[in-house]
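Text of the file final_6.cif, holding mmCIF, C-alpha atoms:
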data_model
loop_
_atom_site.label_atom_id
_atom_site.label_comp_id
_atom_site.auth_asym_id
_atom_site.auth_seq_id
_atom_site.Cartn_x
_atom_site.Cartn_y
_atom_site.Cartn_z
CA MET A 1133 131.75 -59.32 -104.29
CA THR A 1134 129.02 -58.50 -101.78
CA PHE A 1135 125.70 -60.30 -101.50
CA ASP A 1136 122.72 -57.98 -101.11
CA ILE A 1137 119.83 -59.93 -99.56
CA HIS A 1138 117.47 -56.95 -99.84
CA LYS A 1139 118.13 -56.58 -103.56
CA LEU A 1140 117.43 -60.28 -104.06
CA LEU A 1141 114.16 -60.00 -102.14
CA GLN A 1142 113.21 -56.95 -104.19
CA ILE A 1143 113.82 -58.89 -107.40
CA ALA A 1144 111.82 -61.85 -106.05
CA GLY A 1145 108.94 -59.48 -105.29
CA GLN A 1146 109.11 -58.05 -108.82
CA ILE A 1147 109.08 -61.55 -110.31
CA ALA A 1148 105.97 -62.41 -108.29
CA THR A 1149 104.23 -59.16 -109.25
CA GLU A 1150 105.05 -59.45 -112.97
CA ALA A 1151 104.13 -63.14 -113.14
CA GLY A 1152 100.85 -62.39 -111.40
CA GLN A 1153 99.64 -60.42 -114.41
CA PHE A 1154 99.63 -63.51 -116.61
CA GLY A 1155 97.18 -65.60 -114.62
CA VAL A 1156 96.75 -67.78 -111.60
CA PRO A 1157 99.03 -70.64 -112.79
CA TYR A 1158 101.85 -68.11 -113.10
CA VAL A 1159 101.14 -66.75 -109.64
CA GLY A 1160 101.64 -70.30 -108.36
CA LEU A 1161 104.87 -70.50 -110.33
CA ALA A 1162 106.02 -67.19 -108.87
CA GLY A 1163 105.24 -68.57 -105.41
CA ALA A 1164 107.37 -71.64 -106.18
CA ILE A 1165 110.21 -69.40 -107.35
CA GLY A 1166 109.85 -67.44 -104.11
CA THR A 1167 110.01 -70.62 -102.03
CA GLU A 1168 113.16 -71.78 -103.78
CA LEU A 1169 114.75 -68.34 -103.46
CA ASP A 1170 113.89 -68.44 -99.77
CA LYS A 1171 115.76 -71.75 -99.43
CA LEU A 1172 118.69 -70.35 -101.39
CA ILE A 1173 118.86 -67.29 -99.11
CA SER A 1174 118.76 -69.53 -96.02
CA ASN A 1175 121.55 -71.71 -97.38
CA LEU A 1176 123.66 -68.70 -98.27
CA ALA A 1177 123.06 -67.20 -94.85
CA ASP A 1178 124.05 -70.48 -93.22
CA ALA A 1179 127.21 -70.59 -95.28
CA LYS A 1180 128.18 -67.04 -94.42
CA GLY A 1181 126.14 -66.20 -91.35
CA VAL A 1182 126.73 -64.17 -88.24
CA THR A 1183 126.84 -65.48 -84.68
CA ARG A 1184 124.22 -64.44 -82.11
CA GLU A 1185 127.03 -62.65 -80.27
CA GLN A 1186 127.56 -60.53 -83.39
CA VAL A 1187 123.81 -59.88 -83.71
CA ILE A 1188 123.70 -58.70 -80.10
CA ALA A 1189 126.84 -56.58 -80.57
CA ASP A 1190 125.01 -54.84 -83.45
CA VAL A 1191 121.92 -54.43 -81.24
CA GLN A 1192 124.05 -52.85 -78.52
CA VAL A 1193 125.56 -50.35 -80.95
CA ALA A 1194 122.16 -49.46 -82.45
CA GLY A 1195 120.56 -49.45 -78.99
CA ALA A 1196 123.21 -47.08 -77.62
CA ALA A 1197 122.68 -44.77 -80.60
CA ASN A 1198 118.92 -44.81 -79.94
CA LEU A 1199 119.41 -43.97 -76.27
CA ILE A 1200 121.70 -41.04 -77.17
CA GLU A 1201 119.10 -39.68 -79.59
CA LEU A 1202 116.31 -40.14 -77.03
CA ALA A 1203 118.39 -38.38 -74.37
CA LYS A 1204 118.90 -35.46 -76.78
CA ASP A 1205 115.14 -35.29 -77.36
CA ALA A 1206 114.45 -35.39 -73.64
CA ALA A 1207 116.90 -32.56 -73.06
CA ASN A 1208 115.42 -30.46 -75.87
CA GLN A 1209 111.86 -30.93 -74.73
CA GLU A 1210 112.48 -29.74 -71.19
CA MET B 1382 88.98 -56.57 -111.73
CA LYS B 1383 90.48 -59.98 -112.44
CA ASN B 1384 93.82 -58.34 -113.14
CA LEU B 1385 93.63 -56.45 -109.86
CA LYS B 1386 92.93 -59.70 -108.02
CA ARG B 1387 95.99 -61.31 -109.60
CA ARG B 1388 98.13 -58.35 -108.64
CA LEU B 1389 96.86 -58.52 -105.07
CA ILE B 1390 97.60 -62.25 -104.86
CA SER B 1391 101.09 -61.77 -106.24
CA CYS B 1392 101.81 -58.87 -103.89
CA PHE B 1393 100.61 -61.06 -101.01
CA LEU B 1394 102.98 -63.84 -102.12
CA ALA B 1395 105.86 -61.37 -102.32
CA SER B 1396 105.03 -60.10 -98.82
CA LEU B 1397 104.94 -63.65 -97.49
CA LEU B 1398 108.37 -64.25 -98.96
CA VAL B 1399 109.83 -61.21 -97.22
CA MET B 1400 108.15 -62.08 -93.91
CA SER B 1401 109.26 -65.72 -94.02
CA VAL B 1402 112.90 -64.66 -94.36
CA GLY B 1403 112.55 -62.17 -91.50
CA CYS B 1404 111.37 -64.84 -89.03
CA LYS B 1405 114.13 -67.39 -89.62
CA THR B 1406 117.04 -68.10 -87.35
CA SER B 1407 119.01 -69.94 -90.05
CA GLY B 1408 121.01 -66.81 -90.91
CA VAL B 1409 122.64 -67.02 -87.50
CA ILE B 1410 125.51 -69.46 -87.06
CA THR B 1411 126.85 -70.89 -83.82
CA THR B 1412 130.19 -69.96 -82.31
CA PRO B 1413 132.54 -72.98 -82.56
CA GLY B 1414 132.46 -75.04 -79.36
CA LYS B 1415 129.09 -73.70 -78.22
CA PRO B 1416 125.74 -75.51 -78.46
CA ARG B 1417 123.15 -74.12 -80.88
CA ASP B 1418 120.09 -72.83 -79.03
CA GLU B 1419 117.26 -71.58 -81.26
CA ASN B 1420 115.55 -69.65 -78.44
CA LEU B 1421 118.67 -67.65 -77.58
CA ILE B 1422 119.10 -66.87 -81.29
CA LYS B 1423 115.46 -65.73 -81.38
CA ILE B 1424 116.12 -63.38 -78.45
CA ALA B 1425 119.04 -61.84 -80.37
CA LEU B 1426 116.96 -61.39 -83.54
CA ALA B 1427 113.91 -60.11 -81.65
CA SER B 1428 116.13 -57.55 -79.89
CA LYS B 1429 117.30 -56.42 -83.31
CA ASP B 1430 113.68 -56.02 -84.53
CA ILE B 1431 112.64 -54.07 -81.44
CA THR B 1432 115.69 -51.79 -81.68
CA ALA B 1433 114.86 -51.09 -85.34
CA GLY B 1434 111.30 -50.25 -84.23
CA VAL B 1435 112.62 -47.77 -81.67
CA THR B 1436 114.87 -46.15 -84.31
CA PHE B 1437 111.85 -45.73 -86.58
CA GLY B 1438 109.77 -44.45 -83.67
CA ILE B 1439 112.31 -41.69 -82.94
CA LYS B 1440 112.22 -40.52 -86.57
CA ILE B 1441 108.41 -40.50 -86.73
CA LYS B 1442 108.11 -38.72 -83.39
CA ARG B 1443 110.55 -35.99 -84.47
CA ALA B 1444 108.83 -35.50 -87.84
CA LEU B 1445 105.41 -35.16 -86.24
CA LEU B 1446 106.71 -32.72 -83.62
CA ALA B 1447 108.47 -30.63 -86.29
CA ASP B 1448 105.22 -30.47 -88.29
CA GLY B 1449 103.32 -29.40 -85.20
CA LYS B 1450 101.12 -32.49 -85.38
CA ILE B 1451 101.89 -33.57 -81.83
CA SER B 1452 102.48 -31.51 -78.71
CA LYS B 1453 105.78 -31.36 -76.84
CA ALA B 1454 104.09 -33.18 -73.98
CA THR B 1455 103.06 -36.08 -76.23
CA SER B 1456 106.50 -36.19 -77.81
CA SER B 1457 108.11 -36.19 -74.37
CA ALA B 1458 105.88 -39.06 -73.22
CA ILE B 1459 106.78 -41.14 -76.28
CA THR B 1460 110.47 -40.39 -75.65
CA THR B 1461 110.09 -41.83 -72.14
CA TYR B 1462 108.33 -44.99 -73.37
CA LEU B 1463 110.83 -45.60 -76.19
CA THR B 1464 113.72 -45.12 -73.74
CA LYS B 1465 112.22 -47.73 -71.40
CA ILE B 1466 111.74 -50.17 -74.28
CA GLN B 1467 115.29 -49.70 -75.58
CA THR B 1468 116.83 -50.01 -72.10
CA ALA B 1469 114.87 -53.19 -71.35
CA THR B 1470 115.78 -54.63 -74.77
CA ASP B 1471 119.48 -53.94 -74.21
CA GLU B 1472 119.36 -55.61 -70.80
CA LEU B 1473 117.58 -58.70 -72.15
CA ALA B 1474 120.02 -59.03 -75.06
CA ALA B 1475 123.08 -58.58 -72.83
CA LYS B 1476 121.80 -61.05 -70.21
CA SER B 1477 121.11 -63.70 -72.86
CA LEU B 1478 124.83 -63.71 -73.68
CA GLU B 1479 125.56 -65.11 -70.22
CA PHE B 1480 123.89 -68.42 -71.08
CA ASP B 1481 124.63 -71.22 -73.52
CA THR B 1482 121.07 -72.59 -73.30
CA PHE B 1483 117.71 -70.88 -72.93
CA THR B 1484 116.66 -73.36 -70.24
CA ALA B 1485 119.61 -72.40 -68.03
CA GLY B 1486 118.76 -68.68 -68.20
CA LYS B 1487 114.99 -68.75 -68.54
CA ALA B 1488 114.20 -67.53 -64.99
CA ASP B 1489 116.55 -64.54 -65.25
CA LEU B 1490 115.53 -63.75 -68.80
CA PHE B 1491 111.84 -63.92 -67.90
CA LYS B 1492 112.28 -61.11 -65.34
CA LEU B 1493 113.85 -58.89 -68.01
CA PHE B 1494 111.19 -59.85 -70.56
CA THR B 1495 108.50 -58.80 -68.06
CA ALA B 1496 110.13 -55.36 -67.74
CA LEU B 1497 110.21 -55.08 -71.51
CA GLU B 1498 106.58 -56.16 -71.79
CA ASP B 1499 105.54 -53.48 -69.24
CA ALA B 1500 107.40 -50.81 -71.20
CA ARG B 1501 105.67 -51.89 -74.42
CA LYS B 1502 102.26 -51.79 -72.71
CA ASP B 1503 102.97 -48.21 -71.61
CA LEU B 1504 103.80 -47.19 -75.17
CA VAL B 1505 100.76 -48.89 -76.69
CA THR B 1506 98.38 -47.61 -74.00
CA ASN B 1507 99.67 -44.07 -73.55
CA GLY B 1508 101.91 -43.33 -76.52
CA THR B 1509 99.38 -43.54 -79.35
CA ILE B 1510 99.14 -40.30 -81.30
CA PRO B 1511 95.51 -39.34 -81.96
CA GLY B 1512 94.83 -39.11 -85.69
CA PHE B 1513 98.13 -40.75 -86.59
CA THR B 1514 97.45 -44.34 -85.64
CA GLY B 1515 98.53 -45.49 -89.10
CA VAL B 1516 101.95 -43.97 -88.65
CA THR B 1517 102.49 -45.11 -85.11
CA ALA B 1518 101.17 -48.54 -86.01
CA GLU B 1519 104.23 -48.99 -88.24
CA THR B 1520 106.45 -48.38 -85.24
CA PHE B 1521 104.43 -50.79 -83.17
CA THR B 1522 104.52 -53.38 -85.96
CA ALA B 1523 108.31 -53.34 -85.95
CA ILE B 1524 108.41 -53.57 -82.17
CA ASP B 1525 105.66 -56.19 -82.12
CA ALA B 1526 107.56 -58.35 -84.61
CA GLY B 1527 110.09 -58.87 -81.82
CA PHE B 1528 107.41 -59.42 -79.21
CA ASN B 1529 105.64 -62.00 -81.35
CA VAL B 1530 108.83 -64.04 -81.27
CA LEU B 1531 109.53 -63.55 -77.54
CA SER B 1532 106.02 -63.96 -76.07
CA PRO B 1533 105.56 -67.70 -76.86
CA MET B 1534 108.97 -68.46 -75.35
CA PHE B 1535 107.91 -66.96 -72.02
CA SER B 1536 104.24 -67.94 -72.11
CA GLY B 1537 104.75 -70.40 -69.25
CA GLY B 1538 106.50 -67.82 -67.07
CA GLY B 1539 110.08 -68.22 -65.88
CA GLN B 1540 109.91 -71.91 -65.01
#
Mind converting the file's structure to structure tokens?
Amino acid sequence: MTFDIHKLLQIAGQIATEAGQFGVPYVGLAGAIGTELDKLISNLADAKGVTREQVIADVQVAGAANLIELAKDAANQE
Amino acid sequence: MKNLKRRLISCFLASLLVMSVGCKTSGVITTPGKPRDENLIKIALASKDITAGVTFGIKIKRALLADGKISKATSSAITTYLTKIQTATDELAAKSLEFDTFTAGKADLFKLFTALEDARKDLVTNGTIPGFTGVTAETFTAIDAGFNVLSPMFSGGGQ
């Protein structure tokens, strides 16, 4: 089972938007739901997080891909 | 009108929620046996943001060139600036891995941050596409998200 943080954020955004239509008290409630979801996401991330070494390894892969694409563009534009 | 205001407030709250998650370092755990250093984690996450900004910048640049909305010369200049930013980001990220604490590596990391800052200034000053500031601003926003995290860390220089 995979955890999709972006899907959860999307749902949180929808909750806030829908609740907002029913008045200011509900907007406050939606904000509270958002805050609690935020804490939940942080706790989940802590429980199953990545190390900074892994973050940088991802950056290096994405960075290398960017540099290859930029080199292609530079070659094509000459 | 009242309904619109409510919708705007709720959208703002939703945006805040997304932004607050993006700025946190709590999703990053520490390798067993190593000390946790929030600033080094911030450098890793900021590098990720900046790299994502460069990826987006490449796509936008290509789309505008294909549509004939920018000249080859402008596209070529942006390619140069984005290459400098990505290279400097890679160097900063790689160097940060050599240290277990930010304090121990601050002087070395500051030099690389300065190179990155210069590359960003070049892009912002010379890489803006006339008439498409809204589009390029998105690229800069992604890149600036990383800078907004890094700048306070180096505000006192490398000492």
**Q.** Target residues per the PyMOL selection byres ((chain A and resi 1194) around 12), formatted as a list in words
**A.**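 Selection result, ordered by chain and number: Val1187, Ile1188, Ala1189, Asp1190, Val1191, Gln1192, Val1193, Gly1195, Ala1196, Ala1197, Asn1198, Leu1199, Ile1200 and Glu1201 of chain A; Ser1428, Lys1429, Asp1430, Ile1431, Thr1432, Ala1433, Gly1434, Val1435, Thr1436, Phe1437, Gln1467, Thr1468, Thr1470 and Asp1471 of chain B.
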Q) Mind telling me what the PyMOL selection byres ((chain B and resi 1531) around 12) catches here, as a VMD selection string? A) chain B and resid 1404 1419 to 1428 1430 to 1431 1470 1473 to 1474 1483 1487 1490 to 1491 1493 to 1495 1497 to 1498 1524 to 1530 1532 to 1538
Q: List, as a count of residues only, every residue that the PyMOL selection byres ((chain A and resi 1183) around 6) selects in the file provided.
A: 7
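Residues surrounding B:Ser1456 within 8 Å are B:Lys1442, B:Arg1443, B:Leu1446 [only C-alpha atoms; sequence separation below 6 positions excluded].
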(Q) Report, in Å to a single decimal, how far apart atom CA of B:Asp1448 and atom CA of B:Ala1500 are. (A)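 Pair atom CA of B:Ala1500 / atom CA of B:Asp1448 returns 26.7 Å.
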Q. Any idea what the distance is between atom CA of B:Thr1484 and atom CA of B:Ala1496?
A. 19.3 Å
(Q) If I take atom CA of B:Gly1539 and atom CA of B:Ser1477, how far is one from the other in Å, to one decimal? (A) 13.8 Å
Q: Between B:Gly1414, B:Gly1408, B:Gly1449, B:Gly1438, single out the one closest to chain A, counting all atoms listed in the file.
A: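 Among the listed residues, B:Gly1408 lies closest to chain A.
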